[in-house]
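Shown below: upload05.cif, with mmCIF, C-alpha atoms and all ligand atoms.
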```cif
data_final
loop_
_atom_site.group_PDB
_atom_site.id
_atom_site.type_symbol
_atom_site.label_atom_id
_atom_site.label_comp_id
_atom_site.auth_asym_id
_atom_site.auth_seq_id
_atom_site.Cartn_x
_atom_site.Cartn_y
_atom_site.Cartn_z
ATOM 1 C CA MET A 211 93.172 90.218 113.981
ATOM 2 C CA LYS A 212 93.401 87.733 111.116
ATOM 3 C CA CYS A 213 93.634 88.358 107.414
ATOM 4 C CA ASP A 214 91.395 86.590 104.893
ATOM 5 C CA CYS A 215 94.437 84.575 103.804
ATOM 6 C CA GLY A 216 94.946 83.241 107.332
ATOM 7 C CA GLY A 217 97.990 85.402 108.084
ATOM 8 C CA THR A 218 98.316 87.582 111.147
ATOM 9 C CA VAL A 219 97.622 91.294 110.814
ATOM 10 C CA LYS A 220 99.831 93.619 112.805
ATOM 11 C CA LYS A 221 99.929 97.359 113.379
ATOM 12 C CA HIS A 222 102.507 99.228 111.356
ATOM 13 C CA LYS A 223 103.275 102.729 110.228
ATOM 14 C CA VAL A 224 103.022 102.654 106.462
ATOM 15 C CA SER A 225 103.873 104.917 103.568
ATOM 16 C CA LYS A 226 102.141 103.882 100.384
ATOM 17 C CA GLU A 227 99.830 104.891 97.596
ATOM 18 C CA ILE A 228 96.189 104.084 98.222
ATOM 19 C CA SER A 229 92.939 104.626 96.369
ATOM 20 C CA LEU A 230 90.579 106.877 98.260
ATOM 21 C CA ALA A 231 87.324 108.382 97.009
ATOM 22 C CA GLY A 232 88.315 107.391 93.489
ATOM 23 C CA GLN A 233 91.682 109.124 93.705
ATOM 24 C CA LYS A 234 95.242 107.961 94.195
ATOM 25 C CA VAL A 235 96.631 109.345 97.405
ATOM 26 C CA PHE A 236 100.115 108.895 98.759
ATOM 27 C CA VAL A 237 100.007 108.553 102.528
ATOM 28 C CA GLN A 238 103.082 108.735 104.706
ATOM 29 C CA ASN A 239 103.716 107.267 108.113
ATOM 30 C CA ILE A 240 100.123 106.506 109.003
ATOM 31 C CA ASP A 241 98.746 103.745 111.207
ATOM 32 C CA ALA A 242 97.618 100.659 109.360
ATOM 33 C CA SER A 243 97.292 96.952 109.903
ATOM 34 C CA VAL A 244 99.458 94.874 107.589
ATOM 35 C CA CYS A 245 99.216 91.139 106.984
ATOM 36 C CA ASP A 246 102.556 89.420 107.598
ATOM 37 C CA LYS A 247 101.738 86.780 104.996
ATOM 38 C CA CYS A 248 100.200 88.426 101.924
ATOM 39 C CA GLY A 249 100.994 92.073 102.700
ATOM 40 C CA GLU A 250 97.372 93.225 102.527
ATOM 41 C CA THR A 251 96.989 96.595 104.215
ATOM 42 C CA TYR A 252 93.965 97.493 106.294
ATOM 43 C CA PHE A 253 93.090 100.952 107.559
ATOM 44 C CA ASP A 254 90.666 101.520 110.371
ATOM 45 C CA GLY A 255 87.599 103.696 109.832
ATOM 46 C CA GLU A 256 88.948 106.573 111.871
ATOM 47 C CA THR A 257 92.140 106.733 109.822
ATOM 48 C CA LEU A 258 90.171 106.689 106.573
ATOM 49 C CA ILE A 259 87.940 109.539 107.741
ATOM 50 C CA LYS A 260 91.030 111.572 108.631
ATOM 51 C CA LEU A 261 92.531 110.904 105.210
ATOM 52 C CA GLU A 262 89.307 111.824 103.433
ATOM 53 C CA LYS A 263 89.206 115.144 105.269
ATOM 54 C CA GLN A 264 92.787 115.875 104.256
ATOM 55 C CA LEU A 265 91.892 115.035 100.685
ATOM 56 C CA GLN A 266 88.879 117.362 100.698
ATOM 57 C CA LYS A 267 91.006 120.153 102.134
ATOM 58 C CA ARG A 268 93.570 119.648 99.392
ATOM 59 C CA GLU A 269 90.863 119.810 96.708
ATOM 60 C CA LYS A 270 89.597 123.104 98.080
ATOM 61 C CA GLN A 271 93.074 124.599 98.081
ATOM 62 C CA ALA A 272 93.634 123.476 94.511
ATOM 63 C CA ALA A 273 90.383 125.049 93.286
HETATM 64 ZN ZN ZN B 301 96.895 88.085 104.254
#
```
Turn the structure described in the file into structure tokens.
Ligand SMILES: [Zn+2]
Amino acid sequence: MKCDCGGTVKKHKVSKEISLAGQKVFVQNIDASVCDKCGETYFDGETLIKLEKQLQKREKQAA
């Protein structure tokens, strides 16, 4: 897979803050694809769905 910048995107486990459903979420040790040139992080659809479900669960618990 290639990044828009022309760099090569490789699979990594990442821990970082991302924006999801309009909220900041800190994710730890999840699968992502990271560009070795510009550092852009890509998540696959399945991972995003999983994260969204976790986020919804957290909102319910908080309410
Ligand atoms: Zn890039």
request  = Can you give me, as a PyMOL selection string, the residues this file yields under the PyMOL selection byres (((chain A and resi 222-230) around 7) and not hetatm)?
outcome  = chain A and resi 220-221+231-244
message = If the limit is 10 Å from any atom of ligand ZN 301 (chain B), counting all atoms listed in the file, which residues qualify? Return them as a PyMOL selection string.
response = chain A and resi 212-219+244-251
ask   = Between atom CA of Tyr252 of chain A and atom CA of Lys267 of chain A, what is the spacing in Å?
value =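 Answer for the atom CA of Lys267 of chain A to atom CA of Tyr252 of chain A separation: 23.2 Å.
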